[in-house]
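Novice: This one is work29.cif, mmCIF, C-alpha atoms.
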data_my_file
loop_
_atom_site.label_atom_id
_atom_site.label_comp_id
_atom_site.auth_asym_id
_atom_site.auth_seq_id
_atom_site.Cartn_x
_atom_site.Cartn_y
_atom_site.Cartn_z
CA MET A 1188 27.58 31.82 -45.46
CA THR A 1189 24.50 31.07 -43.45
CA THR A 1190 24.74 31.08 -39.72
CA ALA A 1191 23.38 28.39 -37.36
CA ALA A 1192 20.58 30.71 -36.34
CA GLN A 1193 19.57 31.13 -40.01
CA ARG A 1194 19.60 27.37 -40.60
CA THR A 1195 17.41 26.69 -37.58
CA PRO A 1196 13.75 26.77 -38.55
CA ALA A 1197 11.74 29.37 -36.73
CA ALA A 1198 9.60 27.99 -33.95
CA GLY A 1199 5.91 28.13 -34.64
CA PRO A 1200 3.58 30.27 -32.59
CA ARG A 1201 2.88 28.82 -29.17
CA ARG A 1202 -0.64 27.54 -28.91
CA SER A 1203 -2.68 29.15 -26.18
CA TRP A 1204 -4.47 27.04 -23.62
CA THR A 1205 -8.08 26.19 -24.24
CA PRO A 1206 -10.68 26.96 -21.56
CA GLY A 1207 -11.04 23.24 -20.92
CA GLN A 1208 -7.30 22.82 -20.28
CA ILE A 1209 -7.28 25.79 -17.92
CA VAL A 1210 -10.22 24.39 -15.93
CA LEU A 1211 -8.66 20.91 -15.71
CA THR A 1212 -5.29 22.35 -14.63
CA LEU A 1213 -6.89 24.47 -11.92
CA LEU A 1214 -8.98 21.51 -10.77
CA GLY A 1215 -5.90 19.27 -10.63
CA ALA A 1216 -3.97 21.89 -8.67
CA ALA A 1217 -6.86 22.23 -6.19
CA VAL A 1218 -7.08 18.47 -5.68
CA SER A 1219 -3.30 18.28 -5.22
CA LEU A 1220 -3.44 20.98 -2.56
CA VAL A 1221 -6.18 19.08 -0.74
CA PHE A 1222 -3.99 15.96 -0.59
CA LEU A 1223 -0.78 17.83 0.26
CA ALA A 1224 -2.29 20.06 2.95
CA PRO A 1225 -2.35 17.34 5.69
CA LEU A 1226 1.31 16.47 5.01
CA ALA A 1227 2.29 20.13 5.13
CA TRP A 1228 0.36 20.63 8.37
CA ALA A 1229 1.95 17.52 9.94
CA LEU A 1230 5.46 18.69 9.00
CA SER A 1231 4.78 22.19 10.31
CA THR A 1232 3.34 20.90 13.59
CA SER A 1233 6.25 18.50 14.11
CA LEU A 1234 8.62 21.49 14.03
CA LYS A 1235 6.74 23.32 16.80
CA SER A 1236 7.05 23.02 20.54
CA GLU A 1237 4.30 21.07 22.32
CA THR A 1238 2.90 24.28 23.78
CA GLU A 1239 2.74 25.97 20.41
CA ALA A 1240 1.26 22.85 18.77
CA VAL A 1241 -1.92 23.06 20.88
CA GLU A 1242 -2.47 26.80 20.62
CA VAL A 1243 -5.93 28.01 19.62
CA PRO A 1244 -6.34 29.39 17.05
CA PRO A 1245 -3.64 27.35 15.30
CA HIS A 1246 -1.19 28.82 12.82
CA TRP A 1247 0.63 27.20 9.93
CA LEU A 1248 4.26 28.20 10.43
CA PRO A 1249 6.06 27.75 13.77
CA ARG A 1250 7.09 30.91 15.58
CA ASP A 1251 10.11 29.12 17.04
CA TRP A 1252 11.43 26.34 14.80
CA THR A 1253 12.55 23.34 16.86
CA GLY A 1254 13.27 19.66 16.31
CA GLN A 1255 12.42 18.61 19.85
CA ALA A 1256 9.52 16.44 18.72
CA TRP A 1257 11.71 14.49 16.29
CA THR A 1258 14.42 14.07 18.91
CA ALA A 1259 11.89 12.86 21.49
CA VAL A 1260 10.39 10.29 19.13
CA LEU A 1261 13.78 8.94 18.09
CA GLU A 1262 15.09 8.77 21.65
CA THR A 1263 11.97 7.59 23.48
CA GLY A 1264 10.68 5.06 20.98
CA ASN A 1265 12.40 1.94 19.68
CA ILE A 1266 12.12 3.08 16.08
CA THR A 1267 14.60 0.54 14.66
CA ASP A 1268 12.76 -2.49 16.06
CA TRP A 1269 9.38 -1.12 15.00
CA LEU A 1270 10.67 -0.50 11.50
CA VAL A 1271 12.13 -4.02 11.25
CA ASN A 1272 8.91 -5.57 12.57
CA SER A 1273 6.82 -3.64 10.07
CA LEU A 1274 9.11 -4.69 7.23
CA VAL A 1275 9.04 -8.36 8.26
CA VAL A 1276 5.26 -8.44 8.61
CA SER A 1277 4.54 -6.43 5.44
CA VAL A 1278 7.01 -8.32 3.25
CA CYS A 1279 5.79 -11.73 4.44
CA VAL A 1280 2.13 -10.75 4.01
CA THR A 1281 2.87 -9.42 0.52
CA ALA A 1282 4.72 -12.57 -0.54
CA ILE A 1283 2.01 -14.91 0.75
CA VAL A 1284 -0.80 -12.84 -0.77
CA LEU A 1285 0.94 -12.78 -4.16
CA VAL A 1286 1.32 -16.57 -4.20
CA VAL A 1287 -2.18 -17.31 -2.90
CA SER A 1288 -4.00 -14.75 -5.05
CA ALA A 1289 -2.09 -15.69 -8.23
CA LEU A 1290 -2.81 -19.40 -7.81
CA ALA A 1291 -6.43 -18.86 -6.82
CA GLY A 1292 -7.07 -16.31 -9.56
CA TYR A 1293 -5.56 -18.56 -12.22
CA GLY A 1294 -7.48 -21.56 -10.93
CA PHE A 1295 -10.80 -19.74 -11.12
CA ALA A 1296 -10.03 -18.24 -14.53
CA ARG A 1297 -8.63 -21.28 -16.35
CA THR A 1298 -9.76 -24.50 -14.69
CA GLU A 1299 -13.15 -26.15 -14.38
CA PHE A 1300 -14.14 -28.09 -11.27
CA ARG A 1301 -17.28 -28.96 -9.39
CA GLY A 1302 -18.57 -26.12 -7.21
CA LYS A 1303 -16.38 -23.51 -8.90
CA ASN A 1304 -19.08 -20.83 -9.07
CA ALA A 1305 -20.17 -21.41 -5.47
CA LEU A 1306 -16.59 -21.22 -4.21
CA LEU A 1307 -15.95 -18.06 -6.26
CA GLY A 1308 -19.10 -16.56 -4.74
CA VAL A 1309 -17.78 -17.33 -1.24
CA VAL A 1310 -14.49 -15.62 -2.06
CA MET A 1311 -16.28 -12.59 -3.47
CA ALA A 1312 -18.48 -12.44 -0.37
CA GLY A 1313 -15.30 -11.66 1.52
CA LEU A 1314 -15.29 -8.27 -0.20
CA MET A 1315 -18.45 -7.35 1.68
CA VAL A 1316 -17.16 -8.21 5.15
CA SER A 1317 -15.25 -5.58 7.09
CA PRO A 1318 -11.99 -6.82 8.66
CA ALA A 1319 -13.03 -5.18 11.94
CA VAL A 1320 -16.04 -7.54 12.14
CA LEU A 1321 -13.72 -10.55 12.00
CA GLY A 1322 -11.41 -9.25 14.73
CA VAL A 1323 -12.86 -11.26 17.63
CA PRO A 1324 -13.20 -14.65 15.86
CA LEU A 1325 -9.75 -14.23 14.30
CA PHE A 1326 -8.22 -13.43 17.68
CA THR A 1327 -9.93 -16.45 19.25
CA THR A 1328 -8.56 -18.69 16.50
CA VAL A 1329 -5.05 -17.28 16.78
CA GLN A 1330 -5.16 -17.66 20.56
CA GLN A 1331 -6.22 -21.32 20.32
CA MET A 1332 -3.36 -21.95 17.90
CA GLY A 1333 -0.87 -20.42 20.33
CA MET A 1334 0.23 -17.65 17.96
CA VAL A 1335 -0.49 -14.63 20.16
CA ASP A 1336 2.58 -12.38 20.48
CA THR A 1337 4.24 -13.99 17.45
CA TYR A 1338 5.05 -12.86 13.93
CA TRP A 1339 2.82 -15.55 12.44
CA GLY A 1340 -0.09 -14.34 14.53
CA MET A 1341 0.25 -10.92 12.89
CA ILE A 1342 0.95 -12.26 9.39
CA LEU A 1343 -1.43 -15.13 8.64
CA PRO A 1344 -4.79 -13.42 9.38
CA GLN A 1345 -3.85 -10.70 6.87
CA CYS A 1346 -3.37 -13.25 4.09
CA ALA A 1347 -7.01 -13.71 3.04
CA PRO A 1348 -6.89 -11.58 -0.13
CA ALA A 1349 -10.41 -11.70 -1.60
CA ALA A 1350 -9.93 -8.41 -3.46
CA MET A 1351 -6.52 -9.44 -4.80
CA VAL A 1352 -7.87 -12.79 -5.97
CA TYR A 1353 -10.60 -10.98 -7.89
CA ILE A 1354 -8.12 -8.53 -9.46
CA LEU A 1355 -5.89 -11.32 -10.78
CA TYR A 1356 -8.89 -13.46 -11.72
CA LYS A 1357 -10.15 -10.71 -14.02
CA PHE A 1358 -6.69 -10.23 -15.48
CA PHE A 1359 -6.17 -13.94 -16.19
CA GLN A 1360 -9.52 -14.06 -17.95
CA GLY A 1361 -8.16 -11.54 -20.45
CA VAL A 1362 -5.05 -13.56 -21.31
CA PRO A 1363 -5.50 -15.23 -24.74
CA ARG A 1364 -6.13 -18.94 -24.38
CA GLU A 1365 -4.21 -19.57 -27.61
CA LEU A 1366 -0.94 -18.98 -25.76
CA GLU A 1367 -1.71 -21.76 -23.30
CA GLU A 1368 -3.07 -24.11 -25.97
CA ALA A 1369 0.13 -23.72 -28.00
CA ALA A 1370 2.18 -24.59 -24.94
CA PHE A 1371 -0.02 -27.61 -24.18
CA ILE A 1372 0.48 -28.86 -27.75
CA ASP A 1373 4.24 -28.58 -27.24
CA GLY A 1374 3.96 -30.82 -24.19
CA ALA A 1375 3.99 -28.28 -21.39
CA GLY A 1376 2.02 -29.04 -18.26
CA ARG A 1377 -0.30 -26.76 -16.34
CA TRP A 1378 2.38 -25.67 -13.84
CA ARG A 1379 4.93 -24.95 -16.55
CA VAL A 1380 2.40 -22.88 -18.48
CA PHE A 1381 1.55 -20.94 -15.35
CA LEU A 1382 5.16 -20.25 -14.38
CA THR A 1383 6.66 -19.59 -17.83
CA ILE A 1384 3.76 -17.88 -19.66
CA ILE A 1385 1.11 -16.57 -17.29
CA VAL A 1386 3.35 -15.17 -14.55
CA PRO A 1387 5.63 -13.18 -16.91
CA LEU A 1388 2.59 -11.73 -18.68
CA SER A 1389 0.99 -10.71 -15.39
CA ARG A 1390 3.97 -8.84 -13.93
CA PRO A 1391 2.21 -5.41 -14.04
CA SER A 1392 -0.82 -6.79 -12.22
CA LEU A 1393 1.29 -8.72 -9.74
CA ALA A 1394 3.32 -5.58 -9.05
CA ALA A 1395 0.15 -3.57 -8.39
CA VAL A 1396 -1.25 -6.27 -6.10
CA GLY A 1397 2.03 -6.47 -4.23
CA ILE A 1398 2.25 -2.71 -3.75
CA PHE A 1399 -1.38 -2.40 -2.60
CA THR A 1400 -0.91 -5.30 -0.17
CA PHE A 1401 2.33 -3.89 1.22
CA ILE A 1402 0.77 -0.48 1.83
CA SER A 1403 -2.31 -2.00 3.46
CA SER A 1404 -0.25 -4.24 5.74
CA TRP A 1405 2.14 -1.43 6.66
CA ASN A 1406 -0.76 0.83 7.67
CA ASN A 1407 -2.64 -1.90 9.55
CA PHE A 1408 -3.03 -0.74 13.14
CA LEU A 1409 -5.97 -2.68 14.54
CA TRP A 1410 -4.90 -6.30 14.07
CA PRO A 1411 -1.28 -6.02 15.33
CA TYR A 1412 -2.64 -4.00 18.25
CA MET A 1413 -5.05 -6.82 19.11
CA VAL A 1414 -2.71 -9.75 18.71
CA THR A 1415 0.45 -8.56 20.48
CA ASN A 1416 1.36 -6.67 23.64
CA ASN A 1417 5.06 -7.41 23.36
CA PRO A 1418 6.97 -4.14 22.83
CA ASP A 1419 9.63 -6.04 20.89
CA LEU A 1420 7.06 -7.14 18.27
CA MET A 1421 5.20 -3.87 17.78
CA THR A 1422 4.95 -2.41 14.30
CA MET A 1423 5.45 1.24 13.46
CA PRO A 1424 1.79 2.38 13.90
CA ASN A 1425 1.41 0.53 17.21
CA GLY A 1426 4.78 1.59 18.57
CA ILE A 1427 4.26 5.26 17.77
CA ALA A 1428 0.78 5.17 19.32
CA THR A 1429 2.28 3.72 22.50
CA VAL A 1430 4.85 6.50 22.73
CA MET A 1431 2.19 9.13 22.17
CA ASN A 1432 0.02 7.76 24.98
CA SER A 1433 2.77 7.69 27.64
CA TYR A 1434 2.14 11.25 28.82
CA GLY A 1435 -1.06 12.07 26.99
CA ILE A 1436 -1.29 13.20 23.41
CA GLN A 1437 1.86 15.04 22.38
CA TRP A 1438 0.75 16.52 19.08
CA ALA A 1439 4.16 17.55 17.80
CA GLN A 1440 5.58 14.09 18.53
CA LEU A 1441 2.49 12.48 17.02
CA MET A 1442 3.02 14.35 13.76
CA ALA A 1443 6.73 13.51 13.71
CA GLY A 1444 5.99 9.84 14.33
CA GLY A 1445 3.31 9.78 11.66
CA LEU A 1446 5.70 11.24 9.11
CA LEU A 1447 8.35 8.66 10.04
CA ALA A 1448 5.81 5.85 9.63
CA GLY A 1449 4.60 7.21 6.28
CA LEU A 1450 8.03 7.89 4.80
CA PRO A 1451 8.60 4.31 3.51
CA LEU A 1452 5.20 4.38 1.79
CA ILE A 1453 6.05 7.66 0.09
CA VAL A 1454 9.30 6.12 -1.15
CA VAL A 1455 7.44 3.03 -2.42
CA PHE A 1456 4.94 5.18 -4.31
CA VAL A 1457 7.61 7.42 -5.84
CA PHE A 1458 9.63 4.49 -7.17
CA PHE A 1459 6.73 2.22 -8.18
CA GLN A 1460 4.06 4.64 -9.38
CA ARG A 1461 4.43 3.39 -12.97
CA GLN A 1462 3.75 -0.18 -11.83
CA ILE A 1463 0.71 1.00 -9.89
CA VAL A 1464 -0.74 2.79 -12.93
CA ALA A 1465 0.09 -0.13 -15.24
CA GLY A 1466 -1.45 -2.61 -12.81
CA VAL A 1467 -4.67 -0.61 -12.54
CA ALA A 1468 -4.86 -0.39 -16.33
CA HIS A 1469 -4.46 -4.17 -16.71
CA THR A 1470 -6.70 -5.46 -13.93
CA GLY A 1471 -10.07 -3.98 -14.80
CA LEU A 1472 -9.98 -1.30 -12.11
CA ALA A 1473 -9.88 1.34 -14.82
CA GLY A 1474 -13.18 0.18 -16.24
CA GLN A 1475 -11.73 -2.25 -18.76
#
Can you give me the file's structure in the form of structure tokens?
Specialist:
Amino acid sequence: MTTAAQRTPAAGPRRSWTPGQIVLTLLGAAVSLVFLAPLAWALSTSLKSETEAVEVPPHWLPRDWTGQAWTAVLETGNITDWLVNSLVVSVCVTAIVLVVSALAGYGFARTEFRGKNALLGVVMAGLMVSPAVLGVPLFTTVQQMGMVDTYWGMILPQCAPAAMVYILYKFFQGVPRELEEAAFIDGAGRWRVFLTIIVPLSRPSLAAVGIFTFISSWNNFLWPYMVTNNPDLMTMPNGIATVMNSYGIQWAQLMAGGLLAGLPLIVVFVFFQRQIVAGVAHTGLAGQ
């Protein structure tokens, strides 16, 4: 009677790593350490006292572990309102950018109209203009429209997505035209084709555009800082900067606040990293 161990085929010899795999693994580990080091330093500093945080030379691990910086940030700052404001602004900006960029990208990719190339060139020229350069004219426009210290004043100027239009434009160009032509033969109109065929096919790209837009809007410090002085409308970056400047730079509190502001983005990346990779693979950013 054969035993289970005798019936189980013997495992083959384990293949040793090639020199190329070893080099790539070491290189990947080194790059990972480079990206993780600032987060580790911020966490370590946030657990120090303010006196210890500014010591020279600095040291990685706190001598006396304390959560005073976290307590000060949570008690001094209006974290809940800042978090809600950031969510409102980022979600609204993401929704508007998705609608605008999808419609514009599909229009450029699938329709023909007079001045199409010139208009596409104008949109692409927006990729070469830094948002900081447009700060003053945008603020003047928002002020004349009476939207200073309002949600719409923070939201609308962030909804000019030249890069996102280009990403979806390149993706829509790769969608087979036969799918649309078959739908047209069956009597479907342009809007129905867009909503029932194009949008479902472009979900990976739309997800990537939405995630990139959300992260960019969440991290945007300059424009909300310019357009509002109302403490009740401040976003997370602006609110934390205000707390840090009350009594000078409190480095431990600054690190604690930065980690609080970055935590939602870390959660978004952890849960949607597959969509990010799939979106990059489908939009031409990977060299396709």
Novice: What is the distance between CA of Thr1267 (chain A) and CA of Pro1418 (chain A), in Å to one decimal?
Specialist: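 Atom-to-atom, CA of Thr1267 (chain A) to CA of Pro1418 (chain A), that is 12.1 Å.
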Novice: Go through A:Thr1422, A:Thr1415, A:Ser1203, A:Ser1404 one by one, measure the shortest atom-to-atom distance of each to Ile1266 (chain A) using all atoms listed in the file, and give the residue with the smallest value.
Specialist: A:Thr1422
Novice: Write out as a PDB file with C-alpha atoms, keeping the file's coordinate frame which residues come within 7 Å of region 1396-1398 of chain A when counting only C-alpha atoms, dropping same-chain ones fewer than 3 positions away.
Specialist:
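Heads up, here's the output in result.pdb:
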ATOM      1  CA  THR A1281       2.870  -9.420   0.520  1.00  0.00           C
ATOM      2  CA  LEU A1285       0.940 -12.780  -4.160  1.00  0.00           C
ATOM      3  CA  MET A1351      -6.520  -9.440  -4.800  1.00  0.00           C
ATOM      4  CA  SER A1392      -0.820  -6.790 -12.220  1.00  0.00           C
ATOM      5  CA  LEU A1393       1.290  -8.720  -9.740  1.00  0.00           C
ATOM      6  CA  PHE A1401       2.330  -3.890   1.220  1.00  0.00           C
ATOM      7  CA  ILE A1402       0.770  -0.480   1.830  1.00  0.00           C
TER       8      ILE A1402
END
Novice: Expand the PyMOL selection byres ((chain A and resi 1442) around 9) into the explicit residue set it covers here, and present it as a list of chain:residue names.
Specialist: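 Taken on the displayed file, the PyMOL selection byres ((chain A and resi 1442) around 9) yields the residues A:Trp1228, A:Ala1229, A:Leu1230, A:Ser1231, A:Thr1232, A:Ser1233, A:Ala1256, A:Gln1437, A:Trp1438, A:Ala1439, A:Gln1440, A:Leu1441, A:Ala1443, A:Gly1444, A:Gly1445, A:Leu1446, A:Leu1447.
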Novice: Can you translate the PyMOL selection byres ((chain A and resi 1356-1371) around 9) into the concrete residues it hits in this file, as a VMD selection string?
Specialist: chain A and resid 1288 to 1289 1291 to 1297 1351 to 1355 1372 to 1377 1379 to 1381 1384 to 1385 1388 to 1389 1392 1469 to 1471
Novice: Could you state the separation of CA of Val1221 (chain A) and CA of Asn1425 (chain A) in Å, given to one decimal place?
Specialist: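 Distance between the two atoms: 26.9 Å.
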Novice: Under the rule that all atoms listed in the file are counted, which of A:Ala1428, A:Leu1234, A:Thr1383, A:Leu1409 is the nearest residue to Phe1326 (chain A)?
Specialist: A:Leu1409
Novice: Any idea what the distance is between CA of Ala1282 (chain A) and CA of Pro1411 (chain A)?
Specialist: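 Taking CA of Ala1282 (chain A) as the start and CA of Pro1411 (chain A) as the end point, the length is 18.2 Å.
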Novice: My list of candidates is A:Leu1290, A:Ile1453, A:Met1334, A:Val1280. Which is closest to Trp1378 (chain A) when distances are computed with only C-alpha atoms?
Specialist: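 Closest to Trp1378 (chain A) of all the choices is A:Leu1290.
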Novice: Which residue is closest to Ala1347 (chain A)? Choose from A:Val1284, A:Val1386, A:Leu1325, A:Met1315 and count only C-alpha atoms.
Specialist: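 Of the candidates, the smallest distance to Ala1347 (chain A) is held by A:Val1284.
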Novice: Find the residue from A:Ala1349, A:Ile1342, A:Ala1227, A:Val1335 that sits nearest to Leu1314 (chain A); use only C-alpha atoms when measuring.
Specialist: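 The closest residue to Leu1314 (chain A) is A:Ala1349.
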Novice: Ranking A:Thr1337, A:Thr1253, A:Ser1236, A:Thr1327 by minimum distance to Asn1272 (chain A) and counting all atoms listed in the file, which one comes first?
Specialist: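 Distance minimum relative to Asn1272 (chain A) lands on A:Thr1337.
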Novice: Please enumerate the residues selected by the PyMOL selection byres ((chain A and resi 1459) around 12) when evaluated against the supplied file, formatted as a count of residues only.
Specialist: 22
